[in-house]
Every structure is written in structure tokens, then in C-alpha cells.
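Have a look at start_19.txt below; it lists compact mmCIF, C-alpha atoms.
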# COMPACT_ATOMS: atom_id res chain seq x y z
CA MET A 1 54.71 -0.57 27.39
CA LYS A 2 55.93 1.83 24.74
CA SER A 3 53.62 4.73 25.62
CA SER A 4 51.63 5.52 28.74
CA ALA A 5 50.40 8.99 27.75
CA TRP A 6 47.04 7.44 26.90
CA LEU A 7 46.68 6.08 30.44
CA ASP A 8 47.42 9.51 31.89
CA GLN A 9 44.78 10.96 29.59
CA ILE A 10 42.16 8.43 30.71
CA GLY A 11 43.17 8.89 34.33
CA GLY A 12 41.38 7.99 37.58
CA ARG A 13 39.98 4.59 38.51
CA LEU A 14 39.70 3.40 34.93
CA ALA A 15 43.38 4.03 34.16
CA ASP A 16 44.38 2.03 37.26
CA GLN A 17 42.05 -0.79 36.21
CA LEU A 18 43.37 -0.93 32.65
CA ARG A 19 46.96 -0.91 33.96
CA PHE A 20 46.06 -3.89 36.19
CA LEU A 21 44.43 -5.74 33.27
CA LEU A 22 47.55 -5.29 31.13
CA GLU A 23 49.77 -6.44 34.00
CA ALA A 24 47.54 -9.50 34.44
CA ASP A 25 48.37 -10.48 30.84
CA ARG A 26 51.70 -11.76 32.17
CA LEU A 27 49.87 -14.80 33.59
CA LYS A 28 49.86 -16.14 30.00
CA GLY A 29 53.64 -16.48 30.33
CA VAL A 30 53.65 -18.45 33.60
CA ILE A 31 54.25 -22.07 32.60
CA ARG A 32 52.95 -24.91 34.73
CA LEU A 33 54.54 -28.34 35.13
CA ASN A 34 51.65 -30.26 33.52
CA GLN A 35 50.88 -30.51 29.81
CA ILE A 36 47.73 -29.63 27.89
CA ALA A 37 45.53 -32.54 26.77
CA ASP A 38 47.12 -33.07 23.35
CA GLY A 39 50.57 -33.39 24.97
CA SER A 40 52.05 -30.78 22.63
CA ARG A 41 53.29 -28.38 25.31
CA ARG A 42 53.04 -27.38 28.96
CA GLU A 43 50.01 -25.45 30.16
CA ASN A 44 50.16 -21.77 31.09
CA THR A 45 48.37 -20.44 34.14
CA ALA A 46 45.97 -18.11 32.27
CA GLU A 47 44.47 -20.90 30.15
CA HIS A 48 44.49 -23.16 33.23
CA SER A 49 42.38 -20.54 35.06
CA TRP A 50 39.89 -20.45 32.16
CA HIS A 51 39.64 -24.23 32.17
CA LEU A 52 39.02 -24.36 35.93
CA THR A 53 36.22 -21.81 35.66
CA LEU A 54 34.59 -23.98 33.00
CA PHE A 55 35.03 -26.99 35.32
CA ALA A 56 33.18 -25.10 38.07
CA MET A 57 30.35 -24.10 35.69
CA VAL A 58 29.89 -27.66 34.45
CA LEU A 59 30.40 -29.54 37.73
CA ARG A 60 28.66 -27.19 40.18
CA ASP A 61 25.93 -29.70 41.05
CA TYR A 62 28.51 -31.99 42.66
CA ALA A 63 29.57 -29.50 45.36
CA VAL A 64 29.00 -31.14 48.75
CA ASP A 65 27.60 -27.94 50.28
CA PRO A 66 25.56 -25.22 48.52
CA VAL A 67 27.90 -22.79 46.77
CA ASP A 68 27.61 -19.29 45.33
CA ILE A 69 28.93 -20.24 41.91
CA TRP A 70 29.83 -16.67 40.93
CA ARG A 71 32.07 -16.39 44.01
CA VAL A 72 33.64 -19.75 43.09
CA ALA A 73 34.25 -18.53 39.53
CA GLN A 74 35.83 -15.28 40.70
CA MET A 75 38.17 -17.21 43.00
CA LEU A 76 39.24 -19.39 40.06
CA ILE A 77 39.79 -16.41 37.75
CA LEU A 78 41.91 -14.67 40.42
CA HIS A 79 43.50 -17.52 42.38
CA ASP A 80 46.78 -17.83 40.46
CA LEU A 81 47.38 -14.15 39.57
CA VAL A 82 50.05 -14.01 42.28
CA GLU A 83 52.16 -16.34 40.11
CA ILE A 84 52.95 -13.31 37.92
CA GLU A 85 55.27 -12.21 40.70
CA ALA A 86 55.80 -15.36 42.73
CA GLY A 87 56.00 -17.96 39.93
CA ASP A 88 54.22 -21.29 39.77
CA THR A 89 54.98 -23.70 42.62
CA PRO A 90 54.12 -27.16 41.26
CA LEU A 91 52.14 -29.31 43.68
CA HIS A 92 54.43 -32.23 42.92
CA LEU A 93 57.62 -30.32 43.77
CA THR A 94 56.53 -28.39 46.86
CA LEU A 95 58.74 -30.04 49.43
CA ASN A 96 61.38 -27.32 49.56
CA ASN A 97 59.25 -24.22 48.98
CA THR A 98 59.04 -23.02 52.53
CA ASP A 99 58.86 -19.36 51.47
CA GLN A 100 56.02 -19.87 48.97
CA ALA A 101 53.32 -18.43 51.24
CA GLU A 102 55.38 -15.31 51.97
CA ARG A 103 56.17 -14.71 48.30
CA GLU A 104 52.53 -15.11 47.33
CA GLU A 105 51.33 -12.78 50.08
CA ALA A 106 53.73 -10.09 48.86
CA ALA A 107 52.58 -10.64 45.27
CA ALA A 108 48.94 -10.32 46.33
CA ASP A 109 49.72 -7.03 48.11
CA LEU A 110 51.40 -5.71 44.98
CA LEU A 111 48.88 -6.86 42.36
CA PHE A 112 45.59 -6.27 44.13
CA GLY A 113 47.06 -2.99 45.38
CA MET A 114 47.05 -1.73 41.77
CA LEU A 115 43.23 -1.63 41.82
CA PRO A 116 40.98 1.08 43.28
CA ASP A 117 40.45 0.59 47.00
CA GLY A 118 37.10 -1.21 47.19
CA GLN A 119 37.90 -3.49 44.29
CA GLY A 120 41.42 -4.39 45.39
CA ILE A 121 40.17 -5.21 48.87
CA ALA A 122 37.31 -7.36 47.55
CA PHE A 123 39.58 -9.34 45.22
CA ARG A 124 42.16 -9.80 47.95
CA ALA A 125 39.47 -11.13 50.30
CA LEU A 126 38.40 -13.67 47.65
CA TRP A 127 42.02 -14.75 47.19
CA ASP A 128 42.54 -15.09 50.96
CA GLU A 129 39.34 -17.13 51.22
CA PHE A 130 40.49 -19.46 48.42
CA GLU A 131 43.88 -19.93 50.07
CA ALA A 132 42.26 -20.72 53.44
CA ALA A 133 40.13 -23.42 51.72
CA GLU A 134 37.57 -23.49 54.50
CA SER A 135 34.35 -21.96 53.14
CA ALA A 136 32.07 -24.06 50.93
CA ASP A 137 32.89 -21.85 47.93
CA ALA A 138 36.65 -22.14 48.47
CA ARG A 139 36.50 -25.90 49.05
CA PHE A 140 34.66 -26.43 45.76
CA ALA A 141 37.04 -24.09 43.92
CA LYS A 142 40.00 -26.05 45.32
CA ALA A 143 38.36 -29.31 44.25
CA CYS A 144 38.23 -28.06 40.65
CA ASP A 145 41.85 -26.86 40.89
CA ARG A 146 42.99 -30.33 42.00
CA LEU A 147 40.78 -32.36 39.65
CA GLN A 148 41.75 -30.72 36.35
CA PRO A 149 45.47 -31.66 36.41
CA ILE A 150 44.53 -35.26 37.27
CA LEU A 151 42.49 -35.52 34.06
CA LEU A 152 45.33 -33.90 32.08
CA ASN A 153 47.95 -36.23 33.57
CA HIS A 154 45.77 -39.20 32.70
CA VAL A 155 45.04 -38.11 29.13
CA VAL A 156 48.74 -37.59 28.35
CA GLY A 157 49.71 -40.88 29.99
CA GLY A 158 51.63 -39.73 33.05
CA GLY A 159 52.46 -36.02 33.03
CA THR A 160 53.49 -34.71 36.45
CA TRP A 161 53.06 -38.21 37.92
CA SER A 162 56.38 -39.03 36.21
CA VAL A 163 58.56 -36.16 37.45
CA ARG A 164 59.76 -38.00 40.55
CA PRO A 165 60.88 -41.62 40.20
CA ASP A 166 59.47 -42.61 43.61
CA PHE A 167 56.05 -41.01 43.06
CA ASN A 168 53.07 -43.36 43.59
CA ILE A 169 49.30 -43.42 43.96
CA ASP A 170 49.41 -43.00 47.73
CA MET A 171 51.43 -39.79 47.39
CA GLU A 172 49.09 -38.54 44.67
CA LYS A 173 46.06 -39.18 46.87
CA GLN A 174 47.71 -37.30 49.69
CA LEU A 175 48.27 -34.27 47.42
CA THR A 176 44.75 -34.25 46.00
CA ARG A 177 42.50 -35.58 48.77
CA ARG A 178 41.13 -32.11 49.42
CA ILE A 179 38.89 -32.72 46.39
CA GLU A 180 36.81 -34.78 48.82
CA HIS A 181 36.24 -31.73 51.05
CA GLY A 182 34.61 -29.94 48.13
CA SER A 183 32.94 -32.87 46.42
CA PRO A 184 32.92 -36.55 47.44
CA THR A 185 31.44 -37.35 43.99
CA LEU A 186 34.40 -35.79 42.20
CA TRP A 187 36.81 -37.50 44.59
CA ALA A 188 35.22 -40.85 43.74
CA ALA A 189 35.76 -40.03 40.04
CA ALA A 190 39.39 -39.10 40.75
CA GLU A 191 39.89 -42.48 42.42
CA VAL A 192 38.61 -44.20 39.27
CA VAL A 193 41.13 -42.19 37.23
CA PHE A 194 43.98 -43.12 39.61
CA ALA A 195 43.12 -46.83 39.44
CA ASP A 196 42.99 -46.70 35.64
CA ALA A 197 46.32 -44.85 35.55
CA VAL A 198 47.93 -47.54 37.72
CA ALA A 199 46.44 -50.26 35.48
CA CYS A 200 47.88 -48.50 32.42
CA GLY A 201 51.33 -48.09 34.03
CA TRP A 202 51.18 -44.26 34.15
CA LEU A 203 51.11 -44.02 37.96
CA LYS A 204 53.01 -46.33 40.28
CA PRO A 205 50.95 -48.55 42.62
CA ALA A 206 51.14 -48.24 46.38
CA PRO A 207 54.37 -49.74 47.70
CA VAL A 208 54.00 -53.28 49.05
CA THR A 209 54.69 -53.43 52.77
CA ASN A 210 56.20 -56.77 53.80
CA PRO A 211 55.19 -58.05 57.24
CA ALA A 212 58.24 -58.31 59.54
CA MET B 1 42.78 -40.27 24.73
CA LYS B 2 44.67 -43.49 25.35
CA SER B 3 42.06 -45.12 27.57
CA SER B 4 38.36 -44.46 28.05
CA ALA B 5 37.56 -47.41 30.31
CA TRP B 6 37.62 -45.01 33.27
CA LEU B 7 34.89 -42.85 31.66
CA ASP B 8 32.71 -45.92 31.14
CA GLN B 9 33.24 -46.83 34.77
CA ILE B 10 32.21 -43.35 35.98
CA GLY B 11 29.27 -43.32 33.56
CA GLY B 12 26.15 -41.17 33.44
CA ARG B 13 26.03 -37.35 33.47
CA LEU B 14 29.44 -36.97 35.08
CA ALA B 15 31.21 -39.00 32.37
CA ASP B 16 29.59 -36.84 29.67
CA GLN B 17 30.64 -33.70 31.53
CA LEU B 18 34.26 -34.84 31.97
CA ARG B 19 34.40 -35.80 28.29
CA PHE B 20 33.19 -32.29 27.40
CA LEU B 21 35.77 -30.68 29.71
CA LEU B 22 38.60 -32.65 28.09
CA GLU B 23 37.32 -31.75 24.61
CA ALA B 24 37.21 -28.08 25.66
CA ASP B 25 40.96 -28.28 26.36
CA ARG B 26 41.47 -27.98 22.59
CA LEU B 27 40.64 -24.26 22.85
CA LYS B 28 44.21 -23.84 24.19
CA GLY B 29 45.41 -24.77 20.71
CA VAL B 30 43.28 -22.26 18.78
CA ILE B 31 45.63 -19.41 17.91
CA ARG B 32 44.30 -15.87 17.44
CA LEU B 33 45.74 -13.24 15.13
CA ASN B 34 46.75 -10.84 17.93
CA GLN B 35 49.77 -11.16 20.21
CA ILE B 36 49.97 -11.28 24.00
CA ALA B 37 51.16 -8.12 25.74
CA ASP B 38 54.88 -8.94 25.82
CA GLY B 39 54.84 -9.50 22.03
CA SER B 40 56.49 -12.91 22.39
CA ARG B 41 53.79 -14.93 20.63
CA ARG B 42 50.19 -14.95 19.42
CA GLU B 43 47.38 -15.40 21.92
CA ASN B 44 45.34 -18.58 22.19
CA THR B 45 41.59 -18.49 22.66
CA ALA B 46 41.52 -20.16 26.08
CA GLU B 47 43.79 -17.58 27.73
CA HIS B 48 41.91 -14.85 25.81
CA SER B 49 38.66 -16.08 27.40
CA TRP B 50 40.22 -15.95 30.86
CA HIS B 51 41.46 -12.42 30.25
CA LEU B 52 38.02 -11.25 29.06
CA THR B 53 36.36 -12.65 32.16
CA LEU B 54 38.82 -10.70 34.28
CA PHE B 55 38.02 -7.60 32.20
CA ALA B 56 34.32 -8.05 32.97
CA MET B 57 34.99 -8.50 36.70
CA VAL B 58 37.15 -5.39 36.88
CA LEU B 59 35.16 -3.12 34.55
CA ARG B 60 31.59 -4.12 35.45
CA ASP B 61 30.73 -0.69 36.87
CA TYR B 62 31.07 0.87 33.40
CA ALA B 63 28.25 -1.17 31.82
CA VAL B 64 25.69 1.26 30.41
CA ASP B 65 22.74 -0.83 31.64
CA PRO B 66 22.58 -2.97 34.79
CA VAL B 67 24.08 -6.39 34.11
CA ASP B 68 24.00 -9.79 35.78
CA ILE B 69 27.76 -10.14 35.98
CA TRP B 70 27.69 -13.93 36.43
CA ARG B 71 25.73 -14.28 33.18
CA VAL B 72 28.28 -11.97 31.49
CA ALA B 73 31.14 -14.08 32.84
CA GLN B 74 29.57 -17.34 31.67
CA MET B 75 29.11 -15.89 28.18
CA LEU B 76 32.78 -14.94 28.09
CA ILE B 77 33.96 -18.36 29.32
CA LEU B 78 31.80 -20.08 26.68
CA HIS B 79 31.69 -17.62 23.78
CA ASP B 80 34.63 -18.91 21.74
CA LEU B 81 34.34 -22.66 22.45
CA VAL B 82 32.92 -23.12 18.94
CA GLU B 83 36.38 -22.21 17.61
CA ILE B 84 37.50 -25.73 18.57
CA GLU B 85 35.55 -26.94 15.55
CA ALA B 86 35.11 -23.78 13.47
CA GLY B 87 38.51 -22.13 13.98
CA ASP B 88 39.17 -18.50 14.88
CA THR B 89 37.83 -15.94 12.41
CA PRO B 90 39.89 -12.79 12.98
CA LEU B 91 37.81 -9.61 13.14
CA HIS B 92 40.33 -7.94 10.85
CA LEU B 93 40.06 -10.61 8.14
CA THR B 94 36.32 -11.29 8.13
CA LEU B 95 35.45 -9.99 4.68
CA ASN B 96 35.37 -13.37 2.96
CA ASN B 97 34.02 -15.56 5.74
CA THR B 98 30.46 -15.79 4.57
CA ASP B 99 30.04 -19.28 6.01
CA GLN B 100 31.36 -18.39 9.48
CA ALA B 101 27.91 -18.27 11.11
CA GLU B 102 26.93 -21.66 9.69
CA ARG B 103 30.18 -23.29 10.78
CA GLU B 104 29.85 -21.88 14.28
CA GLU B 105 26.21 -22.97 14.61
CA ALA B 106 27.21 -26.52 13.65
CA ALA B 107 30.08 -26.42 16.16
CA ALA B 108 27.74 -25.20 18.90
CA ASP B 109 25.32 -28.08 18.15
CA LEU B 110 28.19 -30.56 18.39
CA LEU B 111 29.94 -29.21 21.50
CA PHE B 112 27.00 -28.20 23.69
CA GLY B 113 25.32 -31.42 22.56
CA MET B 114 27.98 -33.36 24.48
CA LEU B 115 26.53 -32.10 27.79
CA PRO B 116 23.50 -33.47 29.67
CA ASP B 117 20.27 -32.01 28.35
CA GLY B 118 19.50 -29.16 30.75
CA GLN B 119 23.10 -27.99 30.87
CA GLY B 120 23.74 -28.16 27.13
CA ILE B 121 20.56 -26.21 26.46
CA ALA B 122 21.42 -23.55 29.04
CA PHE B 123 24.96 -23.08 27.69
CA ARG B 124 23.70 -22.95 24.13
CA ALA B 125 21.16 -20.28 25.10
CA LEU B 126 23.94 -18.16 26.66
CA TRP B 127 26.03 -18.55 23.51
CA ASP B 128 23.08 -17.59 21.26
CA GLU B 129 22.41 -14.55 23.46
CA PHE B 130 26.05 -13.46 23.23
CA GLU B 131 26.01 -13.86 19.45
CA ALA B 132 22.80 -11.81 19.14
CA ALA B 133 24.46 -9.00 21.15
CA GLU B 134 21.14 -7.42 22.11
CA SER B 135 20.63 -8.00 25.85
CA ALA B 136 22.44 -5.77 28.34
CA ASP B 137 24.55 -8.74 29.47
CA ALA B 138 25.55 -9.66 25.91
CA ARG B 139 26.32 -6.06 24.96
CA PHE B 140 28.67 -5.67 27.91
CA ALA B 141 30.32 -9.04 27.21
CA LYS B 142 30.84 -7.97 23.59
CA ALA B 143 32.32 -4.67 24.76
CA CYS B 144 34.95 -6.57 26.79
CA ASP B 145 35.64 -8.87 23.81
CA ARG B 146 36.31 -5.87 21.57
CA LEU B 147 38.25 -3.76 24.08
CA GLN B 148 40.88 -6.33 25.10
CA PRO B 149 42.51 -6.76 21.64
CA ILE B 150 42.67 -2.96 21.27
CA LEU B 151 44.80 -2.73 24.42
CA LEU B 152 46.98 -5.62 23.24
CA ASN B 153 47.47 -4.09 19.78
CA HIS B 154 48.46 -0.84 21.40
CA VAL B 155 50.90 -2.35 23.87
CA VAL B 156 52.73 -4.31 21.16
CA GLY B 157 52.82 -1.29 18.85
CA GLY B 158 50.45 -2.30 16.07
CA GLY B 159 49.48 -5.98 16.15
CA THR B 160 46.45 -6.78 14.02
CA TRP B 161 46.24 -3.11 12.95
CA SER B 162 49.21 -3.91 10.67
CA VAL B 163 47.91 -7.02 8.88
CA ARG B 164 46.32 -5.09 6.03
CA PRO B 165 48.30 -2.26 4.42
CA ASP B 166 45.19 -0.10 3.88
CA PHE B 167 43.87 -0.49 7.42
CA ASN B 168 43.17 2.80 9.24
CA ILE B 169 41.50 4.27 12.31
CA ASP B 170 38.12 4.68 10.59
CA MET B 171 38.02 0.99 9.71
CA GLU B 172 39.09 0.06 13.25
CA LYS B 173 36.31 2.19 14.74
CA GLN B 174 33.82 0.53 12.46
CA LEU B 175 34.94 -2.93 13.67
CA THR B 176 34.87 -2.04 17.36
CA ARG B 177 32.12 0.56 17.76
CA ARG B 178 29.84 -1.96 19.42
CA ILE B 179 31.87 -1.28 22.57
CA GLU B 180 29.73 1.86 22.82
CA HIS B 181 26.53 -0.24 22.98
CA GLY B 182 27.83 -1.93 26.10
CA SER B 183 29.74 0.94 27.67
CA PRO B 184 30.14 4.53 26.43
CA THR B 185 32.86 5.01 29.08
CA LEU B 186 34.93 2.16 27.68
CA TRP B 187 34.32 3.41 24.14
CA ALA B 188 35.68 6.82 25.15
CA ALA B 189 38.77 5.07 26.54
CA ALA B 190 39.15 3.11 23.29
CA GLU B 191 39.07 6.38 21.36
CA VAL B 192 41.93 7.68 23.51
CA VAL B 193 43.90 4.53 22.70
CA PHE B 194 43.20 4.90 18.96
CA ALA B 195 44.34 8.55 18.95
CA ASP B 196 47.53 7.62 20.80
CA ALA B 197 48.18 4.76 18.38
CA VAL B 198 47.83 7.13 15.42
CA ALA B 199 50.17 9.62 17.10
CA CYS B 200 52.72 6.82 17.65
CA GLY B 201 52.43 5.61 14.04
CA TRP B 202 50.94 2.21 14.96
CA LEU B 203 47.54 2.84 13.33
CA LYS B 204 47.02 4.80 10.13
CA PRO B 205 45.04 8.04 10.36
CA ALA B 206 41.75 8.55 8.56
CA PRO B 207 42.31 9.04 4.84
CA VAL B 208 42.20 12.68 3.77
CA THR B 209 39.24 13.34 1.49
CA ASN B 210 40.04 16.01 -1.11
CA PRO B 211 37.11 18.19 -2.09
CA ALA B 212 36.34 17.77 -5.79
Using C-alpha cells, write down the structure that the file contains.
Amino acid sequence: MKSSAWLDQIGGRLADQLRFLLEADRLKGVIRLNQIADGSRRENTAEHSWHLTLFAMVLRDYAVDPVDIWRVAQMLILHDLVEIEAGDTPLHLTLNNTDQAEREEAAADLLFGMLPDGQGIAFRALWDEFEAAESADARFAKACDRLQPILLNHVVGGGTWSVRPDFNIDMEKQLTRRIEHGSPTLWAAAEVVFADAVACGWLKPAPVTNPA
Amino acid sequence: MKSSAWLDQIGGRLADQLRFLLEADRLKGVIRLNQIADGSRRENTAEHSWHLTLFAMVLRDYAVDPVDIWRVAQMLILHDLVEIEAGDTPLHLTLNNTDQAEREEAAADLLFGMLPDGQGIAFRALWDEFEAAESADARFAKACDRLQPILLNHVVGGGTWSVRPDFNIDMEKQLTRRIEHGSPTLWAAAEVVFADAVACGWLKPAPVTNPA
């Protein structure tokens, strides 16, 4: 920022909020592992967060338990902000990221701490609830977060399913099965996508186990 | 899309909704005139829509009239989807776009028409309300839509304020004054930003009028 005199002049809560909103802009520079649907480039986390919120708006009727859709939407707008500080940790490369939770907690302290007290606390509580993935709202938000990259992988013909040579449908189902906790209907749709991806050669089938 | 057999297999409302969500992904490829805050590249409309929704969440207390913040958020998630078909029409280059409204209406028919009846109609109504900019919710959503690029122009030291050599603070205020209809507090903040930008040489001052 080349000048902050204007923020001093505005002052108070509003200056803190505008500073936070400018800091949040950095999410547009956090690059995810998966591509956008036309395959032209990788997706950034800000546009991903917009897309997920649209998913929640459109697919809300498939939530397994009644949800407060505005709380779901807020979780999806906020859920990846910590990546500004902690970076994106791709689902398909998480095996060695034992310090991810710690880094994200510290990032949440820092970022939500920029906001006025009541607001920072409320946003942090929504983020914690999303991370815990236990409430109906959080489970549906997580379902959207897992479903969207599946559709993008399918539409580009592989995507993050191809980053590890040994990766197969069983491993993918293990990584994404939490969709079922938020919406069995959307999980059933995901299973159709997986089967089609295997048929098209974009996702490896389950390994054949030979009887001894 | 390389295969649509999976959509046929899912069928019904859900297939139409997933098709719409994949089509919406194209908003990530609509490039706006303004840059993101680090000045590294121009902003796309999907990440812009995410940022605006965060603006509304954070700044909701400054709305001049009581708003239903979930309706505001939905307007902001949806408001630029028509750009997938109609393209972005930069505020600072709108003089010759007499057919913009027609193109956007046609795009809205096409895109929201992809959704099941009740949902397409509801989304279209939110978009129409945003465009009309009369309800309290729409006026606050519009205020966020106008405020965000001002902050981005300021932080990059000019941005879209520099695209026309004759552009000055009076013209900028004319383009953005609707912020005041949604939030006098945010308009006052915008005026602080404008004054600072003039002082820094990033926005031309009002032309001096010589008495005859």
C-alpha cells in the first residue's frame, strides 16, 4: 500500500474493516492444485470461494438436515481466508502436512484479529465450526467444498486425480466421502461422476485384489 | 465437456443444476478493467464477486436502511453472471454501450433459464432487483459493488482512473455517487479515498473553471 494516510483519516472500526478487506484481496493470489473448467489455468482460492457459495445457493435443497443457508454461505466465503497466510494444502497431497492445522489456527488468529472485536469473534466462530464439520451447516458447506473439485476434475479429464501415479477411485472416495454426511443425494451424484471418470480413463479403477 | 453421459444418468433437476454450475465457471475467465490489489494482473469477475460478498458481510452495519443481508449476498454472488454471455462493460468506458442492457437481459434469460423453474425465477428476480437499484438490499449491494474498485484503484496507484486522459475526480464521483444511496458512511469514506488519490497524483483534480 503506497499511502495509508486515508485510513488514518477514516479511523475507528471502519478503517480496521477496510484494511481487512484489502488484506483479504491476497486470496486471489493463492493458487489451488485443480484447474478451472476450461482447463486454461489453475483455480485461485477467491474464485473457488465464490463458486462454492453459488453451489450452496443452487443445491441447498439436497442438504440432509435443515440448514441456515446464510450461515453456510458465510462459512464458504470465509473458510479459505487462512490460506493467505498458511497457503493452500491440496487434499490430494496432504500426507505430509502435519503442521497444517497449527499454521491455519495461527493465520485465523492473525486475520480475524484485524476486525473489530464482535465481528472478528463471530467470523472466527464460523471458521471453527466449518473446520469441525459437525453441525448441519458445516457438513453441508463441506459437501459443497468437496463436490466442486470433483466436477472440475471430471470436466478437464483428470485434473488432481492425475498428480499421483498410484491414485485410484478408492482413494478418491476416501478423501471425499464426507459429502455423504452433508448430502447423500450429492454423494450419489459424485459416485456417478467417479464411475464415468473411470470409464473414460481419467481416474484409475480400484486395484484388483487376488485371492491367496 | 468431454462426456455428458454422467449428467444424463443423474438426470432431473440436479443434472440441470450441475450443468448451470459448470457453465457459471466461465465467470472466472471474464476479465475486468481494474487490477487486483498487488497490481500483478487484472481482476476476474468471479473473484470480484467473492470479494464483494465479503465486503457486504463486513460492512453491513453501515447500510442506511435495514437490509436482509442474505438477499444482499445472493445479489452479489449472482449480479455479474450475465457477463459470461454479455462480457464485462467497464464503468469507466460505458459511454458507447447503448446495447448493454439488451445484451444482459438476453444473457439473464439464457443463464437463469438453465435452472429448474422456481429457482431460475427466484434468481432472475434477485438480478432484476439488483439492476433496478431501488430496494434497500439492492442499494447496499450496489454500494459494495462501487466501493471495492475505488479501494483497488487507490491501492495500485491509479488503475481505471488512468484509462482516459481527461478523467478527473468530478467524473469519478458522478460514476460512483450511488454509494451514498446505500450508505452515506461508505460514501464519506470514498470521498476520503478520492481526496487522497488526488493528493498523491493518481486521480486528476476537478478542472478549474475560469470566470468569464
- atom CA of Gln9 of chain A and atom CA of Asp170 of chain B, how far apart in Å? 21.1 Å
With segment 51-63 of chain A as the partner and 12 Å as the cut-off, tabulate the residues of segment 66-121 of chain B that qualify, each row holding the nearest pair of atoms and their distance in Å to one decimal, using only C-alpha atoms, sorted by chain and rising number, as a Markdown table.
| residue | atom | partner | partner_atom | distance |
| --- | --- | --- | --- | --- |
| B:Trp70 | CA | A:Met57 | CA | 10.5 |
| B:Arg71 | CA | A:Met57 | CA | 11.1 |
| B:Ala73 | CA | A:Thr53 | CA | 9.7 |
| B:Gln74 | CA | A:Met57 | CA | 7.9 |
| B:Met75 | CA | A:Leu54 | CA | 10.9 |
| B:Leu76 | CA | A:Leu54 | CA | 10.4 |
| B:Ile77 | CA | A:Leu54 | CA | 6.7 |
| B:Leu78 | CA | A:Leu54 | CA | 7.9 |
| B:His79 | CA | A:Leu54 | CA | 11.6 |
| B:Leu81 | CA | A:Leu54 | CA | 10.6 |
| B:Phe112 | CA | A:Val58 | CA | 11.2 |
| B:Met114 | CA | A:Val58 | CA | 11.6 |
| B:Leu115 | CA | A:Val58 | CA | 8.7 |
| B:Pro116 | CA | A:Val58 | CA | 9.9 |
| B:Gly118 | CA | A:Val58 | CA | 11.1 |
| B:Gln119 | CA | A:Val58 | CA | 7.7 |
| B:Gly120 | CA | A:Val58 | CA | 9.6 |
- Neighbours of segment 145-151 of chain B within 7 Å (all atoms listed in the file; same-chain residues fewer than 6 positions away dropped), as a list in words?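 Final neighbour list, sorted by chain and number: Asn34, Leu52, Thr176, Ile179 and Ala190 of chain B.
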Give me the chain B side of the contact with chain A, cut-off 7 Å, one line per residue showing its nearest atom pair and distance in Å at one decimal, counting all atoms listed in the file, sorted by chain and residue number, as CSV.
residue,atom,partner,partner_atom,distance
B:Met1,CA,A:Val155,CA,5.4
B:Lys2,CA,A:Val155,CA,6.6
B:Trp6,CA,A:Val193,CA,6.0
B:Ile10,CA,A:Ala189,CA,6.3
B:Gln17,CA,A:Val58,CA,6.8
B:Leu21,CA,A:Phe55,CA,6.8
B:Asp25,CA,A:Ala37,CA,6.3
B:Lys28,CA,A:Glu47,CA,6.7
B:Ala37,CA,A:Asp25,CA,6.3
B:Ala46,CA,A:Glu47,CA,5.1
B:Glu47,CA,A:Glu47,CA,4.2
B:Ser49,CA,A:Trp50,CA,6.6
B:Trp50,CA,A:Trp50,CA,4.7
B:Leu54,CA,A:Ile77,CA,6.8
B:Phe55,CA,A:Leu21,CA,6.8
B:Val58,CA,A:Gln17,CA,6.8
B:Trp70,CA,A:Trp70,CA,5.7
B:Ile77,CA,A:Leu54,CA,6.7
B:Val155,CA,A:Met1,CA,5.5
B:Ala189,CA,A:Ile10,CA,6.3
B:Val192,CA,A:Trp6,CA,6.1
B:Val193,CA,A:Trp6,CA,6.0
B:Asp196,CA,A:Trp6,CA,6.1
Output file for the residues above (C-alpha atoms, as a compact mmCIF listing (two decimals), keeping the file's coordinate frame):
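The result, stored in again-v7.txt:
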# COMPACT_ATOMS: atom_id res chain seq x y z
CA MET B 1 42.78 -40.27 24.73
CA LYS B 2 44.67 -43.49 25.35
CA TRP B 6 37.62 -45.01 33.27
CA ILE B 10 32.21 -43.35 35.98
CA GLN B 17 30.64 -33.70 31.53
CA LEU B 21 35.77 -30.68 29.71
CA ASP B 25 40.96 -28.28 26.36
CA LYS B 28 44.21 -23.84 24.19
CA ALA B 37 51.16 -8.12 25.74
CA ALA B 46 41.52 -20.16 26.08
CA GLU B 47 43.79 -17.58 27.73
CA SER B 49 38.66 -16.08 27.40
CA TRP B 50 40.22 -15.95 30.86
CA LEU B 54 38.82 -10.70 34.28
CA PHE B 55 38.02 -7.60 32.20
CA VAL B 58 37.15 -5.39 36.88
CA TRP B 70 27.69 -13.93 36.43
CA ILE B 77 33.96 -18.36 29.32
CA VAL B 155 50.90 -2.35 23.87
CA ALA B 189 38.77 5.07 26.54
CA VAL B 192 41.93 7.68 23.51
CA VAL B 193 43.90 4.53 22.70
CA ASP B 196 47.53 7.62 20.80
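Interatomic distance, atom CA of Asp128 of chain B against atom CA of Glu83 of chain B: 14.5 Å.
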- Task: Fewer than 2 positions away in the same chain doesn't count, so skip those; otherwise give me all residues within 8 Å of Ala107 of chain A, counting only C-alpha atoms, as a list in words.
- Result: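 Contacts, with the query itself left out: Val82, Glu83, Ile84, Glu85, Ala86, Arg103, Glu104, Glu105, Asp109, Leu110 and Leu111 of chain A.
Distance-wise, atom CA of Val198 of chain A and atom CA of Met171 of chain A end up 12.9 Å apart.
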- Query: Got a sec to check which residues sit within 10 Å of (48.4, -21.0, 14.4), counting only C-alpha atoms, and write them as a PyMOL selection string?
  - Reply: chain B and resi 29-33+42-44+87-88
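Remark: for Ala141 of chain A, the closest of the candidate residues A:Gly39, A:Pro90, A:Gly201, A:Gly182 is A:Gly182 (distances computed over all atoms listed in the file).
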Work out where the centre of an axis-aligned box around every listed atom of segment 48-67 of chain A lies and how long its edges are once 6 Å is added on each side; give both in Å to one decimal as AutoDock Vina command-line options.
--center_x 35.0 --center_y -26.2 --center_z 41.2 --size_x 30.9 --size_y 23.5 --size_z 30.1
Can you pull out every residue within 10 Å of Asp166 of chain B, counting all atoms listed in the file, but drop anything in the same chain fewer than 4 positions away, and send it as a tab-separated table (two decimals) with C-alpha atoms, in the frame of the given file?
chain	number	residue	atom	x	y	z
B	161	TRP	CA	46.24	-3.11	12.95
B	162	SER	CA	49.21	-3.91	10.67
B	171	MET	CA	38.02	0.99	9.71
B	204	LYS	CA	47.02	4.80	10.13
B	207	PRO	CA	42.31	9.04	4.84
